[in-house]
$ cat final-v4.txt   # compact mmCIF, C-alpha atoms and all ligand atoms
# COMPACT_ATOMS: atom_id res chain seq x y z
CA MET A 1 -26.83 -20.91 -1.38
CA ARG A 2 -24.74 -18.75 -3.62
CA MET A 3 -23.20 -15.40 -2.89
CA ILE A 4 -20.80 -13.19 -4.71
CA LEU A 5 -18.55 -11.04 -2.59
CA ILE A 6 -16.08 -8.34 -3.38
CA ALA A 7 -12.85 -9.19 -1.62
CA PRO A 8 -9.13 -8.46 -1.76
CA PRO A 9 -7.40 -9.62 -4.96
CA LEU A 10 -7.19 -13.38 -4.90
CA HIS A 11 -6.64 -15.99 -7.46
CA PHE A 12 -8.52 -19.25 -7.58
CA TYR A 13 -7.92 -20.89 -4.26
CA LYS A 14 -9.03 -24.47 -4.02
CA ASN A 15 -9.93 -26.83 -6.76
CA SER A 16 -10.26 -25.54 -10.29
CA ASP A 17 -12.21 -28.61 -11.34
CA ARG A 18 -15.08 -27.43 -9.20
CA ILE A 19 -15.42 -23.99 -10.81
CA PRO A 20 -18.96 -23.93 -12.24
CA GLN A 21 -19.12 -23.24 -15.94
CA ASN A 22 -21.74 -20.53 -15.55
CA ILE A 23 -19.62 -18.27 -13.35
CA LYS A 24 -18.51 -15.23 -15.28
CA PHE A 25 -15.99 -12.77 -13.95
CA SER A 26 -16.29 -9.12 -14.72
CA SER A 27 -13.21 -6.96 -14.47
CA THR A 28 -14.76 -5.05 -11.60
CA ILE A 29 -15.27 -8.13 -9.45
CA LYS A 30 -12.00 -9.11 -7.98
CA CYS A 31 -13.12 -12.16 -6.12
CA ALA A 32 -16.09 -14.44 -5.98
CA VAL A 33 -16.82 -16.68 -3.05
CA ILE A 34 -19.24 -19.45 -3.90
CA SER A 35 -20.58 -21.28 -0.90
CA GLY A 36 -22.58 -24.44 -1.27
CA ASN A 37 -22.88 -27.29 1.22
CA SER A 38 -19.60 -27.43 3.08
CA ASP A 39 -17.48 -26.31 0.14
CA LEU A 40 -15.98 -22.89 0.15
CA MET A 41 -14.19 -21.70 -2.93
CA TYR A 42 -12.42 -18.53 -3.89
CA PHE A 43 -11.88 -17.21 -7.37
CA THR A 44 -10.58 -14.04 -8.82
CA THR A 45 -10.00 -12.37 -12.12
CA LYS A 46 -6.45 -11.53 -11.06
CA MET A 47 -4.10 -13.98 -12.73
CA PRO A 48 -0.73 -14.72 -11.17
CA GLN A 49 1.66 -12.34 -12.83
CA LEU A 50 4.47 -13.04 -10.39
CA PHE A 51 6.22 -15.51 -12.68
CA SER A 52 5.17 -14.76 -16.23
CA ASN A 53 7.96 -13.81 -18.64
CA ARG A 54 10.61 -14.72 -16.10
CA VAL A 55 13.54 -17.08 -16.58
CA ALA A 56 13.94 -20.04 -14.22
CA ILE A 57 17.17 -21.99 -13.92
CA LEU A 58 16.61 -25.73 -13.64
CA ALA A 59 19.50 -27.35 -11.81
CA THR A 60 19.83 -30.77 -13.42
CA MET A 61 22.36 -32.85 -15.31
CA HIS A 62 19.91 -35.67 -15.81
CA GLN A 63 17.45 -34.32 -18.39
CA LYS A 64 14.71 -33.63 -15.87
CA GLU A 65 13.73 -30.65 -18.05
CA ILE A 66 11.88 -33.15 -20.27
CA VAL A 67 9.11 -33.41 -17.67
CA ILE A 68 9.62 -30.25 -15.59
CA ALA A 69 9.92 -27.54 -18.27
CA PRO A 70 6.60 -28.04 -20.13
CA LEU A 71 4.67 -27.87 -16.85
CA LEU A 72 6.36 -24.70 -15.56
CA GLU A 73 6.02 -23.05 -18.94
CA GLN A 74 2.26 -23.08 -18.23
CA LEU A 75 3.03 -20.24 -15.79
CA GLY A 76 4.73 -18.24 -18.53
CA ILE A 77 8.18 -19.15 -17.22
CA LYS A 78 11.10 -19.81 -19.55
CA VAL A 79 13.08 -22.76 -18.20
CA ILE A 80 16.83 -22.88 -18.83
CA VAL A 81 19.26 -25.67 -17.93
CA PRO A 82 22.78 -24.35 -17.29
CA GLN A 83 25.52 -26.39 -18.92
CA ASN A 84 28.15 -25.71 -16.27
CA LEU A 85 26.33 -26.77 -13.12
CA ASN A 86 27.57 -29.98 -11.54
CA THR A 87 24.73 -31.26 -9.34
CA ASP A 88 26.66 -34.41 -8.45
CA VAL A 89 28.57 -32.44 -5.79
CA PHE A 90 25.27 -32.47 -3.88
CA GLY A 91 25.27 -36.27 -3.65
CA THR A 92 24.89 -39.19 -6.04
CA PHE A 93 22.78 -42.32 -5.92
CA THR A 94 25.85 -44.43 -6.44
CA ARG A 95 27.15 -43.27 -3.03
CA GLU A 96 30.41 -41.90 -4.44
CA ILE A 97 29.36 -38.61 -2.87
CA GLU A 98 27.15 -38.48 0.22
CA ARG A 99 24.21 -36.14 0.10
CA PRO A 100 24.45 -33.17 2.47
CA GLY A 101 21.55 -32.91 4.95
CA THR A 102 17.96 -33.83 4.22
CA GLN A 103 16.32 -34.32 0.84
CA ILE A 104 14.82 -30.82 0.95
CA GLU A 105 18.12 -29.26 2.03
CA ALA A 106 19.92 -30.97 -0.85
CA ALA A 107 17.35 -29.71 -3.38
CA ARG A 108 17.48 -26.22 -1.88
CA LEU A 109 21.30 -26.17 -2.14
CA LYS A 110 21.13 -27.12 -5.82
CA ALA A 111 18.60 -24.36 -6.53
CA GLN A 112 20.62 -21.79 -4.59
CA LYS A 113 23.77 -22.81 -6.46
CA ALA A 114 21.91 -22.30 -9.75
CA LEU A 115 20.88 -18.80 -8.65
CA ALA A 116 24.41 -17.91 -7.55
CA LEU A 117 25.93 -19.25 -10.76
CA THR A 118 23.59 -17.42 -13.13
CA GLY A 119 22.54 -14.31 -11.20
CA GLU A 120 18.89 -15.14 -11.97
CA THR A 121 16.10 -14.89 -9.38
CA LEU A 122 14.07 -18.03 -10.08
CA ALA A 123 15.36 -21.61 -9.74
CA ILE A 124 14.02 -25.15 -9.71
CA ALA A 125 15.73 -28.31 -8.47
CA SER A 126 14.59 -31.81 -7.68
CA GLU A 127 15.79 -34.55 -5.38
CA GLY A 128 14.70 -38.16 -4.99
CA THR A 129 15.07 -40.76 -2.26
CA PHE A 130 14.46 -44.50 -2.26
CA CYS A 131 13.58 -46.22 0.99
CA PRO A 132 11.91 -49.40 2.18
CA HIS A 133 8.19 -48.85 2.81
CA PRO A 134 7.66 -47.90 6.50
CA SER A 135 5.25 -50.78 7.13
CA LEU A 136 6.17 -53.12 4.24
CA PRO A 137 9.97 -53.33 4.38
CA TYR A 138 10.24 -55.58 1.32
CA ILE A 139 8.67 -52.90 -0.87
CA SER A 140 10.80 -50.03 -2.11
CA THR A 141 9.35 -46.53 -2.27
CA ASN A 142 10.36 -43.37 -4.11
CA ARG A 143 9.83 -39.88 -2.73
CA GLU A 144 10.46 -37.08 -5.20
CA ILE A 145 10.46 -33.42 -4.35
CA VAL A 146 10.71 -30.44 -6.68
CA ILE A 147 11.68 -27.14 -5.10
CA PHE A 148 10.83 -23.73 -6.56
CA LEU A 149 12.82 -20.75 -5.27
CA ASP A 150 11.88 -17.16 -6.05
CA LYS A 151 14.50 -14.78 -4.68
CA GLU A 152 12.61 -11.72 -5.87
CA ASN A 153 9.45 -12.52 -3.90
CA GLU A 154 11.19 -14.54 -1.16
CA LEU A 155 9.17 -17.65 -1.91
CA GLU A 156 9.97 -21.32 -1.51
CA ILE A 157 7.34 -23.78 -2.73
CA ILE A 158 7.85 -27.55 -2.70
CA GLY A 159 5.99 -30.14 -4.75
CA GLU A 160 6.21 -33.79 -3.82
CA GLU A 161 5.27 -37.29 -4.85
CA PHE A 162 5.47 -40.40 -2.69
CA SER A 163 5.22 -43.51 -4.85
CA LEU A 164 5.39 -47.27 -4.64
CA GLU A 165 6.16 -47.23 -8.36
CA THR A 166 9.90 -47.82 -8.46
CA ASN A 167 12.26 -50.48 -9.76
CA HIS A 168 14.93 -49.50 -7.21
CA ASN A 169 16.86 -52.69 -6.54
CA PHE A 170 20.30 -54.32 -6.31
CA GLN A 171 21.80 -57.80 -6.18
CA ILE A 172 25.13 -59.58 -5.76
CA ILE A 173 25.79 -61.80 -8.77
CA GLN A 174 28.50 -64.30 -9.71
CA ASN A 175 27.87 -64.89 -13.42
CA ILE A 176 26.33 -63.33 -16.50
CA GLU A 177 23.10 -65.39 -16.28
CA GLU A 178 22.34 -63.91 -12.87
CA ALA A 179 23.04 -60.47 -14.33
CA TYR A 180 20.49 -61.04 -17.10
CA ASN A 181 17.90 -62.38 -14.65
CA PHE A 182 18.26 -59.25 -12.55
CA ALA A 183 18.17 -57.03 -15.65
CA LYS A 184 14.93 -58.60 -16.83
CA LYS A 185 13.33 -58.13 -13.42
CA VAL A 186 14.02 -54.36 -13.28
CA GLY A 187 12.94 -53.38 -16.79
CA PHE A 188 16.29 -53.34 -18.64
CA PRO A 189 17.10 -51.98 -21.23
CA GLU A 190 14.46 -49.19 -20.93
CA HIS A 191 15.84 -48.77 -17.40
CA GLY A 192 19.63 -48.44 -17.10
CA LEU A 193 21.92 -50.47 -14.84
CA ILE A 194 25.07 -49.93 -12.79
CA VAL A 195 27.78 -52.56 -12.24
CA THR A 196 30.51 -52.37 -9.61
CA TYR A 197 32.66 -54.81 -7.72
CA ASP A 198 34.01 -55.03 -4.20
CA SER A 199 32.01 -52.32 -2.48
CA PRO A 200 30.82 -49.29 -4.39
CA LYS A 201 32.65 -47.08 -1.88
CA ASN A 202 36.04 -48.72 -2.31
CA SER A 203 35.75 -49.67 -5.93
CA GLY A 204 37.70 -47.67 -8.44
CA GLU A 205 35.66 -48.99 -11.35
CA ILE A 206 32.00 -48.26 -11.74
CA PHE A 207 29.99 -48.82 -14.92
CA LYS A 208 26.97 -46.56 -15.09
CA GLY A 209 24.22 -45.95 -17.60
CA ILE A 210 24.29 -49.49 -19.01
CA ILE A 211 21.48 -49.75 -21.59
CA THR A 212 22.60 -52.45 -24.07
CA ASP A 213 23.35 -56.17 -23.81
CA GLU A 214 26.87 -55.50 -25.05
CA GLN A 215 27.54 -52.89 -22.35
CA LEU A 216 26.09 -55.21 -19.73
CA GLU A 217 28.23 -58.19 -20.76
CA ASP A 218 31.39 -56.07 -21.02
CA ALA A 219 30.85 -54.55 -17.58
CA VAL A 220 29.92 -57.82 -15.85
CA ASN A 221 32.80 -59.77 -17.44
CA PHE A 222 35.29 -57.06 -16.54
CA ALA A 223 33.97 -56.88 -12.98
CA LEU A 224 33.98 -60.68 -12.54
CA LYS A 225 37.60 -60.81 -13.71
CA ASN A 226 38.76 -57.99 -11.43
CA SER A 227 36.62 -58.61 -8.37
CA SER A 228 38.60 -59.60 -5.27
CA ASN A 229 35.97 -62.16 -4.21
CA GLY A 230 34.35 -63.21 -7.51
CA LYS A 231 31.24 -61.25 -6.63
CA VAL A 232 29.78 -58.38 -8.59
CA HIS A 233 27.28 -55.76 -7.46
CA ILE A 234 24.54 -54.94 -9.96
CA GLU A 235 21.91 -52.26 -9.35
CA THR A 236 19.33 -50.08 -11.04
CA ASP A 237 20.59 -46.72 -12.34
CA MET A 238 18.24 -44.29 -10.65
CA ARG A 239 19.36 -41.18 -12.54
CA ALA A 240 16.26 -39.71 -14.15
CA MET A 241 17.35 -40.08 -17.78
CA TYR A 242 18.08 -43.80 -17.25
CA ASN A 243 14.91 -44.46 -15.31
CA PRO A 244 11.55 -43.70 -16.96
CA THR A 245 9.67 -44.91 -13.87
CA ARG A 246 11.43 -42.32 -11.74
CA MET A 247 10.98 -39.66 -14.42
CA LYS A 248 7.21 -40.21 -14.14
CA ASN A 249 7.37 -39.62 -10.39
CA ILE A 250 9.33 -36.39 -10.96
CA GLU A 251 6.60 -35.32 -13.35
CA LYS A 252 3.96 -36.04 -10.69
CA ALA A 253 5.93 -34.06 -8.10
CA THR A 254 6.10 -31.16 -10.58
CA ARG A 255 2.33 -31.32 -11.09
CA ASN A 256 1.94 -31.15 -7.32
CA LEU A 257 4.27 -28.11 -7.30
CA LEU A 258 2.19 -26.42 -9.98
CA LYS A 259 -0.97 -27.01 -7.99
CA LYS A 260 0.65 -25.41 -4.93
CA ILE A 261 1.94 -22.45 -6.96
CA ASN A 262 -1.64 -21.95 -8.15
CA THR A 263 -3.04 -21.99 -4.61
CA PHE A 264 -3.10 -18.50 -3.14
CA CYS A 265 -3.34 -17.24 0.41
CA PRO A 266 -6.89 -15.88 0.82
CA SER A 267 -5.51 -13.10 2.98
CA CYS A 268 -2.44 -11.76 1.17
CA GLY A 269 -2.61 -13.51 -2.22
CA THR A 270 0.83 -15.13 -1.97
CA PRO A 271 1.17 -18.40 -3.95
CA GLY A 272 1.91 -21.65 -2.15
CA PHE A 273 -0.93 -21.63 0.40
CA GLY A 274 -0.56 -25.27 1.40
CA ILE A 275 -1.35 -27.97 3.90
CA THR A 276 0.85 -27.63 6.97
CA GLN A 277 -0.92 -30.04 9.31
CA ARG A 278 -3.25 -33.03 9.23
CA ILE A 279 -5.49 -33.09 12.27
CA LYS A 280 -6.53 -36.58 13.35
CA GLY A 281 -9.76 -37.61 15.01
CA LEU A 282 -12.28 -38.43 12.27
CA PRO A 283 -15.22 -39.96 14.19
CA CYS A 284 -16.11 -43.62 13.73
CA ALA A 285 -19.30 -44.04 11.68
CA SER A 286 -20.68 -46.52 14.21
CA CYS A 287 -19.71 -45.28 17.72
CA HIS A 288 -18.44 -41.74 16.93
CA THR A 289 -15.17 -42.29 18.82
CA PRO A 290 -12.32 -40.26 17.28
CA THR A 291 -10.01 -42.39 15.11
CA LEU A 292 -6.49 -41.83 13.79
CA LEU A 293 -7.87 -40.78 10.38
CA THR A 294 -7.81 -37.14 9.24
CA ARG A 295 -10.63 -34.95 10.57
CA ALA A 296 -9.28 -31.67 9.20
CA LEU A 297 -6.48 -30.16 7.15
CA LYS A 298 -4.77 -27.00 8.23
CA TYR A 299 -3.53 -24.62 5.53
CA GLN A 300 -1.11 -21.87 6.38
CA CYS A 301 0.52 -19.01 4.49
CA LYS A 302 4.30 -18.90 4.90
CA LYS A 303 4.29 -15.18 4.18
CA CYS A 304 1.61 -13.67 6.43
CA GLY A 305 0.78 -16.59 8.72
CA PHE A 306 -2.94 -16.65 7.80
CA SER A 307 -4.36 -20.13 8.43
CA GLN A 308 -7.53 -21.95 7.58
CA GLU A 309 -8.96 -25.37 8.36
CA GLU A 310 -10.70 -27.64 5.89
CA LEU A 311 -12.99 -30.02 7.75
CA PHE A 312 -13.57 -33.63 6.66
CA PRO A 313 -11.41 -33.76 3.50
CA ASP A 314 -11.99 -37.55 3.25
CA GLY A 315 -15.65 -37.67 4.35
CA LYS A 316 -17.46 -37.11 7.66
CA TYR A 317 -17.01 -40.53 9.26
CA ALA A 318 -14.36 -43.22 9.46
CA ASP A 319 -15.01 -46.83 8.52
CA PRO A 320 -15.64 -48.75 11.79
CA GLY A 321 -12.81 -51.07 10.60
CA GLN A 322 -10.45 -48.21 11.53
CA CYS A 323 -11.96 -47.76 15.01
CA MET A 324 -10.10 -49.08 18.07
CA TYR A 325 -13.40 -49.83 19.85
CA CYS A 326 -15.44 -51.32 17.00
CA ASN A 327 -12.45 -53.21 15.55
CA PRO A 328 -9.87 -53.63 18.31
ZN ZN B 401 -0.73 -14.78 3.27
ZN ZN B 402 -16.31 -47.24 16.53
$ encode --input "final-v4.txt" --output "structure tokens"
Amino acid sequence: MRMILIAPPLHFYKNSDRIPQNIKFSSTIKCAVISGNSDLMYFTTKMPQLFSNRVAILATMHQKEIVIAPLLEQLGIKVIVPQNLNTDVFGTFTREIERPGTQIEAARLKAQKALALTGETLAIASEGTFCPHPSLPYISTNREIVIFLDKENELEIIGEEFSLETNHNFQIIQNIEEAYNFAKKVGFPEHGLIVTYDSPKNSGEIFKGIITDEQLEDAVNFALKNSSNGKVHIETDMRAMYNPTRMKNIEKATRNLLKKINTFCPSCGTPGFGITQRIKGLPCASCHTPTLLTRALKYQCKKCGFSQEELFPDGKYADPGQCMYCNP
């Protein structure tokens, strides 16, 4: 079945990859709804003009513009990195400064500071965390978020990436050989290192951004000589410009942001129409008992409250291996 409807101005709503090649938009048709099987898609000829030719301030001291700027420029945005913004006051990985509030709150604060500092209306900031995996505590995980604030249109859109790809690690060492063993394990010298002694909180000396053998030996020898207990703390430098693995995750989070910016509320056309809830209960393929897997996704507009459910995003039935009756 295929039908073309005239509807309020919308931009493409769901998955651009699925737009059939043979669909042509005339300037008089504002929206086309193509319905086939269970898929429902919205398109429109109206392109998002909300952001084109605007300046966005990217709050970073760590060269995140390398991955963030080219992606946001696809929206016609000019990305600028202010030289006088110190994002370290919002928390550092080396624990010299504790981060205020949650990850999202910290990113939001950075973006708001960028707006206040420059008087602009569009800002971007990112924030990363590194935690043990919830069910595999020996595996480190990296969650990156990229926040997009538009003061003019009162919008806040957040892209995110949750990844097992991280070299986040630390070790206590007592000689240079141990330092080199650790360095090799975490991808040095492409990935930078940090050396401290005593505890990072009490230590006056901290060597960051170590990317050569010479810097590593100097830092470790100095720390060994000055350490109160002969022990030295060595860890991965997680700042984006010293950590290409993390930089990749920031890029993925930015791609996720872009996808959300390009997803529009079918009712009011506001960008950022995103998943707000995963509804469990996908039936078991064998006995049809509801499982813990996702049965539906709920999308909701932050602006007008319009919501929509997408049924069976991962298929109609759950593997019986996930069923508490078939596989207790
Ligand atoms: Zn809406
Ligand atoms: Zn079952």
$ residues_near_ligand --input "final-v4.txt" --ligand "ligand ZN 402 (chain B)" --cutoff "8 Å" --atoms "all atoms listed in the file" --output "JSON, numbers by chain"
{"A": [283, 284, 285, 286, 287, 288, 289, 320, 321, 322, 323, 324, 325, 326, 327]}
$ atom_distance --input "final-v4.txt" --atom1 "CA of Lys113 (chain A)" --atom2 "CA of Leu155 (chain A)"
16.1 Å
$ residues_near_ligand --input "final-v4.txt" --ligand "ligand ZN 401 (chain B)" --cutoff "8 Å" --atoms "only C-alpha atoms and all ligand atoms" --output "list in words"
Phe264, Cys265, Pro266, Ser267, Cys268, Gly269, Thr270, Phe273, Gln300, Cys301, Lys302, Lys303, Cys304, Gly305 and Phe306 of chain A
$ closest_residue --input "final-v4.txt" --among "A:Thr121, A:Asn226, A:Thr196, A:Thr236" --to "Asn169 (chain A)" --atoms "all atoms listed in the file"
A:Thr236
$ residues_around --input "final-v4.txt" --residues "Glu190 (chain A)" --least-positions-apart "6" --cutoff "10 Å" --atoms "all atoms listed in the file" --output "ChimeraX atom specification"
/A:211-212,242-245
$ atom_distance --input "final-v4.txt" --atom1 "CA of Arg108 (chain A)" --atom2 "CA of Asn53 (chain A)"
22.9 Å
$ closest_residue --input "final-v4.txt" --among "A:Lys252, A:Lys64, A:His191, A:Arg143" --to "Gln103 (chain A)" --atoms "all atoms listed in the file"
A:Arg143
$ atom_distance --input "final-v4.txt" --atom1 "CA of Glu235 (chain A)" --atom2 "CA of Lys184 (chain A)"
12.0 Å
$ closest_residue --input "final-v4.txt" --among "A:Ala240, A:Ala114, A:Ala219, A:Ile210" --to "Glu144 (chain A)" --atoms "only C-alpha atoms"
A:Ala240
$ closest_residue --input "final-v4.txt" --among "A:Thr60, A:Leu149, A:Phe188, A:Gly101" --to "Val81 (chain A)" --atoms "all atoms listed in the file"
A:Thr60
$ closest_residue --input "final-v4.txt" --among "A:Phe170, A:Tyr317, A:Phe207, A:Phe148" --to "Ser126 (chain A)" --atoms "only C-alpha atoms"
A:Phe148
$ residues_around --input "final-v4.txt" --residues "Glu161 (chain A)" --least-positions-apart "6" --cutoff "9 Å" --atoms "all atoms listed in the file" --output "NGL selection string"
:A and (142-146 or 249-254 or 256)
$ write_last_selection --input "final-v4.txt" --atoms "C-alpha atoms" --output "PDB file, keeping the file's coordinate frame"
ATOM      1  CA  ASN A 142      10.360 -43.370  -4.110  1.00  0.00           C
ATOM      2  CA  ARG A 143       9.830 -39.880  -2.730  1.00  0.00           C
ATOM      3  CA  GLU A 144      10.460 -37.080  -5.200  1.00  0.00           C
ATOM      4  CA  ILE A 145      10.460 -33.420  -4.350  1.00  0.00           C
ATOM      5  CA  VAL A 146      10.710 -30.440  -6.680  1.00  0.00           C
ATOM      6  CA  ASN A 249       7.370 -39.620 -10.390  1.00  0.00           C
ATOM      7  CA  ILE A 250       9.330 -36.390 -10.960  1.00  0.00           C
ATOM      8  CA  GLU A 251       6.600 -35.320 -13.350  1.00  0.00           C
ATOM      9  CA  LYS A 252       3.960 -36.040 -10.690  1.00  0.00           C
ATOM     10  CA  ALA A 253       5.930 -34.060  -8.100  1.00  0.00           C
ATOM     11  CA  THR A 254       6.100 -31.160 -10.580  1.00  0.00           C
ATOM     12  CA  ASN A 256       1.940 -31.150  -7.320  1.00  0.00           C
TER      13      ASN A 256
END
$ build_atoms --input "final-v4.txt" --residues "region 167-192 of chain A" --atoms "N, CA and C atoms" --output "short mmCIF file (atom, residue, chain, number, x, y, z; two decimals), in the frame of the given file"
data_model
loop_
_atom_site.label_atom_id
_atom_site.label_comp_id
_atom_site.auth_asym_id
_atom_site.auth_seq_id
_atom_site.Cartn_x
_atom_site.Cartn_y
_atom_site.Cartn_z
N ASN A 167 11.56 -49.22 -9.51
CA ASN A 167 12.26 -50.48 -9.76
C ASN A 167 13.55 -50.53 -8.94
N HIS A 168 13.70 -49.60 -8.00
CA HIS A 168 14.93 -49.50 -7.21
C HIS A 168 15.30 -50.86 -6.61
N ASN A 169 16.50 -51.33 -6.95
CA ASN A 169 16.86 -52.69 -6.54
C ASN A 169 18.36 -52.92 -6.73
N PHE A 170 18.90 -53.93 -6.08
CA PHE A 170 20.30 -54.32 -6.31
C PHE A 170 20.45 -55.81 -5.99
N GLN A 171 21.56 -56.36 -6.44
CA GLN A 171 21.80 -57.80 -6.18
C GLN A 171 23.30 -58.08 -6.30
N ILE A 172 23.76 -59.10 -5.58
CA ILE A 172 25.13 -59.58 -5.76
C ILE A 172 25.05 -60.76 -6.73
N ILE A 173 25.84 -60.71 -7.78
CA ILE A 173 25.79 -61.80 -8.77
C ILE A 173 27.18 -62.41 -8.96
N GLN A 174 27.22 -63.63 -9.52
CA GLN A 174 28.50 -64.30 -9.71
C GLN A 174 28.71 -64.80 -11.14
N ASN A 175 27.70 -64.54 -12.00
CA ASN A 175 27.87 -64.89 -13.42
C ASN A 175 26.90 -64.07 -14.28
N ILE A 176 27.09 -64.18 -15.58
CA ILE A 176 26.33 -63.33 -16.50
C ILE A 176 24.84 -63.69 -16.53
N GLU A 177 24.52 -64.99 -16.29
CA GLU A 177 23.10 -65.39 -16.28
C GLU A 177 22.35 -64.66 -15.16
N GLU A 178 22.99 -64.60 -13.99
CA GLU A 178 22.34 -63.91 -12.87
C GLU A 178 22.16 -62.42 -13.21
N ALA A 179 23.14 -61.88 -13.93
CA ALA A 179 23.04 -60.47 -14.33
C ALA A 179 21.82 -60.26 -15.23
N TYR A 180 21.64 -61.17 -16.19
CA TYR A 180 20.49 -61.04 -17.10
C TYR A 180 19.16 -61.25 -16.38
N ASN A 181 19.14 -62.17 -15.41
CA ASN A 181 17.90 -62.38 -14.65
C ASN A 181 17.50 -61.12 -13.89
N PHE A 182 18.52 -60.49 -13.28
CA PHE A 182 18.26 -59.25 -12.55
C PHE A 182 17.77 -58.17 -13.52
N ALA A 183 18.49 -58.07 -14.65
CA ALA A 183 18.17 -57.03 -15.65
C ALA A 183 16.72 -57.13 -16.11
N LYS A 184 16.29 -58.37 -16.35
CA LYS A 184 14.93 -58.60 -16.83
C LYS A 184 13.90 -58.14 -15.78
N LYS A 185 14.23 -58.45 -14.53
CA LYS A 185 13.33 -58.13 -13.42
C LYS A 185 13.09 -56.62 -13.27
N VAL A 186 14.12 -55.80 -13.56
CA VAL A 186 14.02 -54.36 -13.28
C VAL A 186 13.74 -53.50 -14.52
N GLY A 187 13.36 -54.16 -15.63
CA GLY A 187 12.94 -53.38 -16.79
C GLY A 187 14.06 -52.90 -17.70
N PHE A 188 15.21 -53.60 -17.70
CA PHE A 188 16.29 -53.34 -18.64
C PHE A 188 15.81 -53.79 -20.03
N PRO A 189 16.14 -53.10 -21.13
CA PRO A 189 17.10 -51.98 -21.23
C PRO A 189 16.45 -50.60 -21.18
N GLU A 190 15.08 -50.51 -21.05
CA GLU A 190 14.46 -49.19 -20.93
C GLU A 190 14.99 -48.49 -19.68
N HIS A 191 15.25 -49.29 -18.63
CA HIS A 191 15.84 -48.77 -17.40
C HIS A 191 17.32 -49.17 -17.38
N GLY A 192 18.20 -48.19 -17.10
CA GLY A 192 19.63 -48.44 -17.10
C GLY A 192 20.10 -49.18 -15.86
#
